[in-house]
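Visitor: One structure is given below, represented as structure tokens, and several questions about it will come after.
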Amino acid sequence: MEQINPYIKQFPELFKCKKVMYVHGFASSGQSGTVRRIREVLPNAEVIAPDLPIRPEEAMALLRDTCSREKPDLIIGTSMGGMYAEMLYGYDRILVNPALQMGDTMKDHGMIGAQHFQNPRQDGVQDFMVTKALVKEYKEMTEQCFAGINDEERQRVWGLFGDEDTTVNTYDLFREHYPKAIRFHGEHRMNDQSFMHSVVPVIRWIDDRQEGRERPIIYINVATLFDKWQKPMSSAQKTIRMLLETYQLFFVAPAPVEIEQYAWTLKLLYDYINVPAYGHTIFTNQKHLLYGDYLIDTEKTDGMATLIRFGSDTFKTWDDIAVYFERLGGQ
């Protein structure tokens, strides 16, 4: 299949013949760059992206009606769209930098007054006005957030929060209600890199769960990923991203004796692996008990997983490991 964007990789198997609804942010539309990104990455999914009315009650009514008609398999909402998506209960959802206190955000960032839509809209409208009364409507809307949460909803919603976001900071508020809160490397507005490295792994996890798909498991000793200066080994990050496309990865480290060791390991994984390490990190001194298909390690371990011994004559580098798994073709 022809590649549309050189920085974007397509995944035809993800959400194939399923529906993904995107809920855009403030002053945007269903013609945003994020919509194009989703369509490029998920070429066999039907992507629904309605233009939202400015008034929040009208926008919420439109979204609920769209969900009722289309029954999307996944909803992705960014910024203001993340606030709306949180209230669309009954669906798998990814909220990216959600503006869960939208009224306050509008006030704090000087959004009152004449505004211009950042992307073209189907109705042709280019300009609109934000009044204090409209800000009040948004504050009243955000007061309805979290009203329909139950145990099932807590497992269906993922929150992604850019660690360089200077516009919205609702990580702590989200965590009060939902357990799956992840910080990713990025700003408020997503680019190709933050989308591919942070959002796509979560899309893959959700699709795997929906499809009951079980991928071969690779355990990776954290010691294979970093040199003595705590920098990533050459090609390690590139190979990890390649393996993520086909395998289920878990990162393994020794059970820490002191809390500082635990924090150090998590910081390294956060800095260099980031979202894929969320919920996929194991601390253990009994690696032989790991049940899976492969173990990438620096030392010999007797266990159930096939050992890929990093640093050996066969696997001197991460490039060697990449070639090996490419030849396996996902087995």
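By order in the structure tokens, chains are A, B, ...; within a chain, residues start at 1; ligands start at 1, following the order shown.
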Find the nearest atom pair between each residue of stretch 36-125 of chain A and stretch 180-201 of chain A for residues within 12 Å, count only C-alpha atoms, give distances in Å to one decimal, sort rows by chain and ascending number, and present the table as JSON lines.
Guide:
```
{"residue": "A:Arg36", "atom": "CA", "partner": "A:Asp192", "partner_atom": "CA", "distance": 10.7}
{"residue": "A:Arg37", "atom": "CA", "partner": "A:Asp192", "partner_atom": "CA", "distance": 7.6}
{"residue": "A:Ile38", "atom": "CA", "partner": "A:Phe195", "partner_atom": "CA", "distance": 9.0}
{"residue": "A:Glu40", "atom": "CA", "partner": "A:Asp192", "partner_atom": "CA", "distance": 11.0}
{"residue": "A:Val41", "atom": "CA", "partner": "A:Val200", "partner_atom": "CA", "distance": 8.4}
{"residue": "A:Leu42", "atom": "CA", "partner": "A:Val200", "partner_atom": "CA", "distance": 9.6}
{"residue": "A:Ile76", "atom": "CA", "partner": "A:Val199", "partner_atom": "CA", "distance": 9.4}
{"residue": "A:Gly77", "atom": "CA", "partner": "A:Val199", "partner_atom": "CA", "distance": 11.2}
{"residue": "A:Thr78", "atom": "CA", "partner": "A:Arg189", "partner_atom": "CA", "distance": 8.5}
{"residue": "A:Ser79", "atom": "CA", "partner": "A:His188", "partner_atom": "CA", "distance": 7.7}
{"residue": "A:Met80", "atom": "CA", "partner": "A:His188", "partner_atom": "CA", "distance": 11.2}
{"residue": "A:Gly82", "atom": "CA", "partner": "A:His188", "partner_atom": "CA", "distance": 12.0}
{"residue": "A:Arg93", "atom": "CA", "partner": "A:Lys180", "partner_atom": "CA", "distance": 11.1}
{"residue": "A:Ile94", "atom": "CA", "partner": "A:Val199", "partner_atom": "CA", "distance": 8.2}
{"residue": "A:Leu95", "atom": "CA", "partner": "A:Ala181", "partner_atom": "CA", "distance": 9.5}
{"residue": "A:Val96", "atom": "CA", "partner": "A:Val199", "partner_atom": "CA", "distance": 8.3}
{"residue": "A:Asn97", "atom": "CA", "partner": "A:His188", "partner_atom": "CA", "distance": 6.3}
{"residue": "A:Pro98", "atom": "CA", "partner": "A:His188", "partner_atom": "CA", "distance": 9.4}
{"residue": "A:Ala99", "atom": "CA", "partner": "A:His188", "partner_atom": "CA", "distance": 10.2}
```
Visitor: Please, could you write that set of residues out with all heavy atoms as a short mmCIF file (atom, residue, chain, number, x, y, z; two decimals), in the first residue's frame?
Guide:
```cif
data_model
loop_
_atom_site.label_atom_id
_atom_site.label_comp_id
_atom_site.auth_asym_id
_atom_site.auth_seq_id
_atom_site.Cartn_x
_atom_site.Cartn_y
_atom_site.Cartn_z
N ARG A 36 -6.33 13.43 9.60
CA ARG A 36 -5.56 12.87 8.48
C ARG A 36 -4.57 11.83 8.99
O ARG A 36 -4.36 10.79 8.35
CB ARG A 36 -4.82 14.00 7.75
CG ARG A 36 -5.76 14.94 6.98
CD ARG A 36 -4.98 15.84 6.05
NE ARG A 36 -4.11 16.75 6.76
CZ ARG A 36 -4.50 17.94 7.23
NH1 ARG A 36 -5.76 18.34 7.08
NH2 ARG A 36 -3.64 18.73 7.86
N ARG A 37 -3.94 12.09 10.13
CA ARG A 37 -3.00 11.14 10.71
C ARG A 37 -3.68 9.81 11.01
O ARG A 37 -3.16 8.74 10.70
CB ARG A 37 -2.46 11.72 12.02
CG ARG A 37 -0.98 11.96 12.01
CD ARG A 37 -0.50 12.48 13.36
NE ARG A 37 0.18 13.73 13.19
CZ ARG A 37 -0.20 14.89 13.70
NH1 ARG A 37 -1.28 14.96 14.44
NH2 ARG A 37 0.51 15.96 13.49
N ILE A 38 -4.84 9.87 11.65
CA ILE A 38 -5.55 8.64 12.00
C ILE A 38 -5.91 7.85 10.75
O ILE A 38 -5.77 6.63 10.70
CB ILE A 38 -6.81 8.97 12.83
CG1 ILE A 38 -6.41 9.61 14.16
CG2 ILE A 38 -7.64 7.71 13.09
CD1 ILE A 38 -7.58 10.16 14.95
N GLU A 40 -4.40 7.88 7.89
CA GLU A 40 -3.19 7.33 7.29
C GLU A 40 -2.72 6.08 8.04
O GLU A 40 -2.35 5.08 7.44
CB GLU A 40 -2.08 8.39 7.26
CG GLU A 40 -2.35 9.53 6.29
CD GLU A 40 -1.36 10.66 6.44
OE1 GLU A 40 -0.30 10.43 7.07
OE2 GLU A 40 -1.64 11.78 5.96
N VAL A 41 -2.75 6.15 9.37
CA VAL A 41 -2.25 5.04 10.18
C VAL A 41 -3.20 3.86 10.16
O VAL A 41 -2.77 2.70 10.18
CB VAL A 41 -2.01 5.53 11.63
CG1 VAL A 41 -1.68 4.36 12.55
CG2 VAL A 41 -0.87 6.54 11.66
N LEU A 42 -4.50 4.13 10.12
CA LEU A 42 -5.51 3.07 10.14
C LEU A 42 -6.28 3.09 8.81
O LEU A 42 -7.45 3.46 8.75
CB LEU A 42 -6.49 3.28 11.30
CG LEU A 42 -5.88 3.48 12.69
CD1 LEU A 42 -6.96 3.76 13.72
CD2 LEU A 42 -5.03 2.28 13.10
N ILE A 76 -11.46 8.75 19.98
CA ILE A 76 -10.25 9.48 20.36
C ILE A 76 -10.61 10.95 20.46
O ILE A 76 -11.12 11.53 19.49
CB ILE A 76 -9.12 9.28 19.33
CG1 ILE A 76 -8.78 7.79 19.18
CG2 ILE A 76 -7.88 10.07 19.74
CD1 ILE A 76 -7.80 7.51 18.06
N GLY A 77 -10.38 11.54 21.60
CA GLY A 77 -10.67 12.96 21.78
C GLY A 77 -9.43 13.70 22.24
O GLY A 77 -8.70 13.23 23.12
N THR A 78 -9.17 14.87 21.64
CA THR A 78 -8.02 15.67 22.04
C THR A 78 -8.48 17.00 22.61
O THR A 78 -9.42 17.62 22.11
CB THR A 78 -7.07 15.93 20.85
OG1 THR A 78 -7.79 16.59 19.81
CG2 THR A 78 -6.50 14.62 20.31
N SER A 79 -7.81 17.44 23.68
CA SER A 79 -8.08 18.73 24.32
C SER A 79 -9.56 18.85 24.69
O SER A 79 -10.08 18.03 25.45
CB SER A 79 -7.61 19.85 23.41
OG SER A 79 -7.59 21.08 24.11
N MET A 80 -10.26 19.84 24.15
CA MET A 80 -11.68 19.97 24.42
C MET A 80 -12.42 18.70 24.01
O MET A 80 -13.37 18.26 24.69
CB MET A 80 -12.26 21.17 23.67
CG MET A 80 -13.75 21.37 23.84
SD MET A 80 -14.43 22.64 22.73
CE MET A 80 -14.37 21.76 21.15
N GLY A 82 -11.33 15.76 24.24
CA GLY A 82 -11.13 14.78 25.30
C GLY A 82 -12.14 14.96 26.42
O GLY A 82 -12.60 13.98 27.02
N ARG A 93 -12.26 4.54 24.84
CA ARG A 93 -11.90 5.93 24.57
C ARG A 93 -10.45 6.21 24.93
O ARG A 93 -9.93 5.67 25.91
CB ARG A 93 -12.82 6.88 25.36
CG ARG A 93 -14.24 6.52 25.09
CD ARG A 93 -15.28 7.37 25.69
NE ARG A 93 -15.35 7.64 27.08
CZ ARG A 93 -15.83 6.79 28.02
NH1 ARG A 93 -16.17 5.55 27.70
NH2 ARG A 93 -15.94 7.16 29.26
N ILE A 94 -9.83 7.06 24.13
CA ILE A 94 -8.50 7.59 24.42
C ILE A 94 -8.63 9.10 24.51
O ILE A 94 -9.04 9.76 23.54
CB ILE A 94 -7.48 7.22 23.33
CG1 ILE A 94 -7.37 5.70 23.18
CG2 ILE A 94 -6.11 7.80 23.68
CD1 ILE A 94 -6.49 5.26 22.01
N LEU A 95 -8.30 9.67 25.65
CA LEU A 95 -8.36 11.12 25.85
C LEU A 95 -6.93 11.65 25.84
O LEU A 95 -6.11 11.28 26.69
CB LEU A 95 -9.03 11.46 27.19
CG LEU A 95 -10.28 10.66 27.60
CD1 LEU A 95 -10.84 11.22 28.91
CD2 LEU A 95 -11.33 10.69 26.50
N VAL A 96 -6.62 12.52 24.89
CA VAL A 96 -5.28 13.06 24.76
C VAL A 96 -5.28 14.51 25.23
O VAL A 96 -5.99 15.35 24.66
CB VAL A 96 -4.77 12.97 23.31
CG1 VAL A 96 -3.33 13.46 23.23
CG2 VAL A 96 -4.88 11.54 22.78
N ASN A 97 -4.53 14.79 26.29
CA ASN A 97 -4.49 16.13 26.88
C ASN A 97 -5.90 16.69 27.05
O ASN A 97 -6.21 17.80 26.57
CB ASN A 97 -3.64 17.07 26.02
CG ASN A 97 -2.18 16.68 26.01
OD1 ASN A 97 -1.63 16.23 27.01
ND2 ASN A 97 -1.52 16.86 24.87
N PRO A 98 -6.78 15.96 27.73
CA PRO A 98 -8.18 16.40 27.81
C PRO A 98 -8.35 17.67 28.64
O PRO A 98 -7.81 17.78 29.74
CB PRO A 98 -8.87 15.20 28.50
CG PRO A 98 -7.78 14.55 29.31
CD PRO A 98 -6.54 14.71 28.47
N ALA A 99 -9.11 18.61 28.10
CA ALA A 99 -9.40 19.87 28.80
C ALA A 99 -10.61 19.64 29.69
O ALA A 99 -11.73 20.10 29.39
CB ALA A 99 -9.65 20.99 27.80
#
```
Visitor: Within stretch 108-232 of chain A, find each residue whose DSSP state, derived from the backbone, is strand (DSSP E or B), and express the selection as a list in words.
Guide: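 Those in stretch 108-232 of chain A that DSSP calls strand (DSSP E or B) are Gly113, Ala114, Gln115, His116, Asp127, Phe128, Met129, Val130, Val157, Trp158, Gly159, Leu160, Phe161, Gly162, Ala181, Ile182, Arg183, Phe184, Ile217, Ile218, Tyr219, Ile220, Asn221, Phe226 and Pro232 of chain A.
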Visitor: Based on the backbone DSSP call, show me all residues of stretch 20-148 of chain A assigned alpha helix (DSSP H), as a VMD selection string.
Guide: chain A and resid 33 to 41 56 to 70 80 to 86 102 to 108 132 to 142
Visitor: Please provide as a list in words all residues within 12 Å of A:Arg69, with the sequence filter that same-chain residues fewer than 4 positions apart are discarded (counting only C-alpha atoms).
Guide: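 Near neighbours after the sequence-gap exclusion: Lys19, Met21, Ile48, Leu62, Leu63, Arg64 and Asp65 of chain A.
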Visitor: Could you check which of A:Gln115, A:Gln210, A:Thr306, A:Ser29 is closest to A:Phe15, using only C-alpha atoms?
Guide: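 Result for the nearest residue to A:Phe15: A:Gln210.
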Visitor: When distances are computed from only C-alpha atoms, which of A:Thr281, A:Gln248, A:Thr239, A:Asn221 shows the smallest separation from A:Thr301?
Guide: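 Closest to A:Thr301 of all the choices is A:Asn221.
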Visitor: List the spatial neighbours of A:Thr131 as a PyMOL selection string - criterion: any atom at most 12 Å away, only C-alpha atoms, same-chain residues fewer than 3 positions off excluded.
Guide: chain A and resi 54-55+103+106-107+110-115+128+134-138
Visitor: Let me see the file: selected residues, all heavy atoms, as a short mmCIF file (atom, residue, chain, number, x, y, z; two decimals), in the first residue's frame.
Guide:
```cif
data_model
loop_
_atom_site.label_atom_id
_atom_site.label_comp_id
_atom_site.auth_asym_id
_atom_site.auth_seq_id
_atom_site.Cartn_x
_atom_site.Cartn_y
_atom_site.Cartn_z
N ILE A 54 -20.14 25.27 18.40
CA ILE A 54 -19.41 26.00 19.44
C ILE A 54 -20.07 25.84 20.80
O ILE A 54 -19.40 25.67 21.82
CB ILE A 54 -19.29 27.48 19.07
CG1 ILE A 54 -18.28 27.64 17.92
CG2 ILE A 54 -18.82 28.31 20.26
CD1 ILE A 54 -16.88 27.16 18.26
N ARG A 55 -21.40 25.87 20.84
CA ARG A 55 -22.08 25.77 22.13
C ARG A 55 -22.00 24.33 22.64
O ARG A 55 -22.31 23.38 21.92
CB ARG A 55 -23.53 26.23 22.01
CG ARG A 55 -23.65 27.67 21.54
CD ARG A 55 -25.04 28.21 21.72
NE ARG A 55 -25.43 28.27 23.13
CZ ARG A 55 -26.60 28.74 23.55
NH1 ARG A 55 -27.49 29.18 22.66
NH2 ARG A 55 -26.89 28.78 24.82
N GLY A 103 -13.84 25.49 30.83
CA GLY A 103 -14.19 26.88 31.12
C GLY A 103 -13.02 27.64 31.71
O GLY A 103 -12.71 28.78 31.29
N MET A 106 -10.33 28.28 28.99
CA MET A 106 -10.67 29.39 28.10
C MET A 106 -10.36 30.73 28.77
O MET A 106 -9.82 31.65 28.14
CB MET A 106 -12.15 29.31 27.72
CG MET A 106 -12.50 28.07 26.92
SD MET A 106 -14.29 27.85 26.72
CE MET A 106 -14.64 29.06 25.46
N LYS A 107 -10.67 30.82 30.05
CA LYS A 107 -10.43 32.06 30.78
C LYS A 107 -8.93 32.30 30.98
O LYS A 107 -8.43 33.41 30.76
CB LYS A 107 -11.14 32.00 32.13
CG LYS A 107 -11.02 33.27 32.95
CD LYS A 107 -11.80 33.14 34.26
CE LYS A 107 -11.64 34.38 35.12
NZ LYS A 107 -12.37 34.24 36.41
N GLY A 110 -7.01 33.41 27.66
CA GLY A 110 -7.48 34.56 26.90
C GLY A 110 -8.25 34.22 25.65
O GLY A 110 -8.07 34.85 24.61
N MET A 111 -9.15 33.23 25.76
CA MET A 111 -9.91 32.82 24.58
C MET A 111 -11.21 33.60 24.42
O MET A 111 -11.99 33.31 23.52
CB MET A 111 -10.23 31.32 24.67
CG MET A 111 -9.01 30.43 24.65
SD MET A 111 -9.45 28.68 24.81
CE MET A 111 -7.82 27.92 24.79
N ILE A 112 -11.46 34.57 25.28
CA ILE A 112 -12.68 35.37 25.17
C ILE A 112 -12.49 36.44 24.07
O ILE A 112 -11.43 37.07 23.97
CB ILE A 112 -13.01 36.04 26.52
CG1 ILE A 112 -13.27 34.97 27.58
CG2 ILE A 112 -14.21 36.97 26.39
CD1 ILE A 112 -13.51 35.54 28.96
N GLY A 113 -13.53 36.60 23.25
CA GLY A 113 -13.46 37.58 22.16
C GLY A 113 -13.55 36.91 20.81
O GLY A 113 -13.95 35.75 20.69
N ALA A 114 -13.16 37.63 19.77
CA ALA A 114 -13.23 37.11 18.41
C ALA A 114 -12.21 35.99 18.22
O ALA A 114 -11.06 36.11 18.61
CB ALA A 114 -12.98 38.23 17.41
N GLN A 115 -12.67 34.91 17.60
CA GLN A 115 -11.81 33.75 17.37
C GLN A 115 -11.94 33.31 15.91
O GLN A 115 -12.93 33.61 15.24
CB GLN A 115 -12.23 32.59 18.28
CG GLN A 115 -12.15 32.90 19.77
CD GLN A 115 -10.72 33.02 20.27
OE1 GLN A 115 -9.79 32.41 19.71
NE2 GLN A 115 -10.52 33.82 21.31
N PHE A 128 -15.84 33.16 14.86
CA PHE A 128 -16.87 33.05 15.88
C PHE A 128 -16.48 33.91 17.08
O PHE A 128 -15.34 34.38 17.18
CB PHE A 128 -17.10 31.60 16.28
CG PHE A 128 -15.91 30.94 16.94
CD1 PHE A 128 -15.84 30.81 18.32
CD2 PHE A 128 -14.87 30.43 16.17
CE1 PHE A 128 -14.75 30.19 18.92
CE2 PHE A 128 -13.78 29.81 16.76
CZ PHE A 128 -13.72 29.69 18.15
N LEU A 134 -20.68 32.19 27.16
CA LEU A 134 -20.28 30.92 26.57
C LEU A 134 -19.28 30.20 27.46
O LEU A 134 -19.34 28.98 27.63
CB LEU A 134 -19.67 31.15 25.19
CG LEU A 134 -19.27 29.89 24.41
CD1 LEU A 134 -20.50 29.01 24.14
CD2 LEU A 134 -18.58 30.25 23.09
N VAL A 135 -18.36 30.96 28.05
CA VAL A 135 -17.40 30.36 28.99
C VAL A 135 -18.15 29.72 30.15
O VAL A 135 -17.81 28.62 30.60
CB VAL A 135 -16.40 31.41 29.50
CG1 VAL A 135 -15.54 30.84 30.61
CG2 VAL A 135 -15.53 31.92 28.35
N LYS A 136 -19.19 30.37 30.62
CA LYS A 136 -20.01 29.82 31.71
C LYS A 136 -20.66 28.51 31.27
O LYS A 136 -20.75 27.55 32.06
CB LYS A 136 -21.07 30.83 32.13
CG LYS A 136 -21.93 30.41 33.31
CD LYS A 136 -22.84 31.55 33.76
CE LYS A 136 -23.67 31.15 34.97
NZ LYS A 136 -24.66 30.11 34.66
N GLU A 137 -21.10 28.45 30.02
CA GLU A 137 -21.70 27.21 29.51
C GLU A 137 -20.68 26.07 29.53
O GLU A 137 -21.02 24.92 29.86
CB GLU A 137 -22.23 27.42 28.09
CG GLU A 137 -23.46 28.31 28.00
CD GLU A 137 -23.96 28.44 26.58
OE1 GLU A 137 -23.84 27.46 25.81
OE2 GLU A 137 -24.47 29.52 26.22
N TYR A 138 -19.44 26.38 29.19
CA TYR A 138 -18.41 25.34 29.20
C TYR A 138 -18.10 24.89 30.64
O TYR A 138 -17.88 23.70 30.89
CB TYR A 138 -17.14 25.84 28.52
CG TYR A 138 -17.17 25.65 27.02
CD1 TYR A 138 -17.51 26.70 26.17
CD2 TYR A 138 -16.88 24.41 26.45
CE1 TYR A 138 -17.54 26.52 24.79
CE2 TYR A 138 -16.92 24.23 25.07
CZ TYR A 138 -17.26 25.29 24.26
OH TYR A 138 -17.32 25.10 22.90
#
```
Visitor: Write out as a PyMOL selection string which residues come within 9 Å of stretch 320-328 of chain A when counting only C-alpha atoms, dropping same-chain ones fewer than 6 positions away.
Guide: chain A and resi 235+238-240+242-243+296+308+310+314
Visitor: Let me see the file: selected residues, N, CA and C atoms, as an mmCIF file, in the first residue's frame.
Guide:
```
data_model
loop_
_atom_site.group_PDB
_atom_site.id
_atom_site.type_symbol
_atom_site.label_atom_id
_atom_site.label_comp_id
_atom_site.auth_asym_id
_atom_site.auth_seq_id
_atom_site.Cartn_x
_atom_site.Cartn_y
_atom_site.Cartn_z
ATOM 1 N N SER A 235 20.432 1.534 18.251
ATOM 2 C CA SER A 235 19.301 0.877 17.566
ATOM 3 C C SER A 235 18.298 0.223 18.521
ATOM 4 N N LYS A 238 14.796 1.925 18.093
ATOM 5 C CA LYS A 238 14.243 1.604 16.780
ATOM 6 C C LYS A 238 13.747 0.159 16.745
ATOM 7 N N THR A 239 14.524 -0.757 17.320
ATOM 8 C CA THR A 239 14.131 -2.166 17.324
ATOM 9 C C THR A 239 12.910 -2.396 18.191
ATOM 10 N N ILE A 240 12.843 -1.721 19.340
ATOM 11 C CA ILE A 240 11.671 -1.848 20.210
ATOM 12 C C ILE A 240 10.412 -1.441 19.453
ATOM 13 N N MET A 242 9.906 -1.494 16.281
ATOM 14 C CA MET A 242 9.613 -2.507 15.273
ATOM 15 C C MET A 242 8.953 -3.725 15.910
ATOM 16 N N LEU A 243 9.469 -4.182 17.042
ATOM 17 C CA LEU A 243 8.928 -5.361 17.704
ATOM 18 C C LEU A 243 7.502 -5.132 18.197
ATOM 19 N N ILE A 296 15.039 -11.652 25.939
ATOM 20 C CA ILE A 296 16.274 -10.993 25.515
ATOM 21 C C ILE A 296 17.029 -10.619 26.780
ATOM 22 N N ILE A 308 17.328 -15.137 23.848
ATOM 23 C CA ILE A 308 18.062 -14.348 22.863
ATOM 24 C C ILE A 308 19.156 -13.635 23.656
ATOM 25 N N PHE A 310 21.791 -11.294 24.399
ATOM 26 C CA PHE A 310 22.344 -10.040 23.893
ATOM 27 C C PHE A 310 23.843 -9.971 24.206
ATOM 28 N N THR A 314 26.005 -14.275 18.086
ATOM 29 C CA THR A 314 24.844 -14.197 17.190
ATOM 30 C C THR A 314 24.088 -12.887 17.336
#
```
Visitor: Could you list, as a list in words, every residue within 10 Å of A:Ser28, counting only C-alpha atoms and ignoring same-chain residues fewer than 6 positions away?
Guide: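 My list of contacting residues is Asp51, Leu52, Met80, Gly81, His116, Phe117, Gln118, Asn119, Pro120 and Arg121 of chain A.
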Visitor: Considering only C-alpha atoms, return as a list of chain:residue names whatever protein or nucleic-acid residues lie within 9 Å of A:Gln237, sequence-local ones (same chain, fewer than 5 positions apart) excluded.
Guide: A:Leu225, A:Pro232, A:Met242, A:Tyr272, A:Ile273, A:Trp318
Visitor: Please, could you write that set of residues out with C-alpha atoms as a PDB file, in the first residue's frame?
Guide:
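The resulting file, part06.pdb, is reproduced below:
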```pdb
ATOM      1  CA  LEU A 225      18.659  -1.476  26.609  1.00  0.00           C
ATOM      2  CA  PRO A 232      20.057   3.754  24.978  1.00  0.00           C
ATOM      3  CA  MET A 242       9.613  -2.507  15.273  1.00  0.00           C
ATOM      4  CA  TYR A 272      13.478   6.217  26.543  1.00  0.00           C
ATOM      5  CA  ILE A 273      10.634   3.703  26.122  1.00  0.00           C
ATOM      6  CA  TRP A 318      20.175  -4.634  18.602  1.00  0.00           C
TER       7      TRP A 318
END
```
Visitor: May I ask for the distance between atom CA of A:Ala305 and atom CA of A:Gly292, given in Å to one decimal place?
Guide: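 Interatomic distance here is 5.3 Å.
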Visitor: Using only C-alpha atoms, which of A:Glu143, A:Glu211, A:Asp227, A:Asp123 sits nearest A:Thr317?
Guide: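 Nearest candidate to A:Thr317 out of A:Glu143, A:Glu211, A:Asp227, A:Asp123: A:Asp227.
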Visitor: Which of these residues is nearest to A:Gln126, using only C-alpha atoms: A:Leu289, A:Ile218, A:Pro179, A:Ala27?
Guide: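 Among A:Leu289, A:Ile218, A:Pro179, A:Ala27, it is A:Ala27 that comes nearest to A:Gln126.
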Visitor: When you count only C-alpha atoms, which of these residues is closest to A:Met60: A:Gln230, A:Asn150, A:Thr142, A:Thr265?
Guide: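 Selected residue with least distance to A:Met60: A:Thr142.
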Visitor: Considering only C-alpha atoms, can you say which of A:Trp229, A:Tyr294, A:Trp264, A:Tyr219 comes closest to A:Ile282?
Guide: A:Tyr219
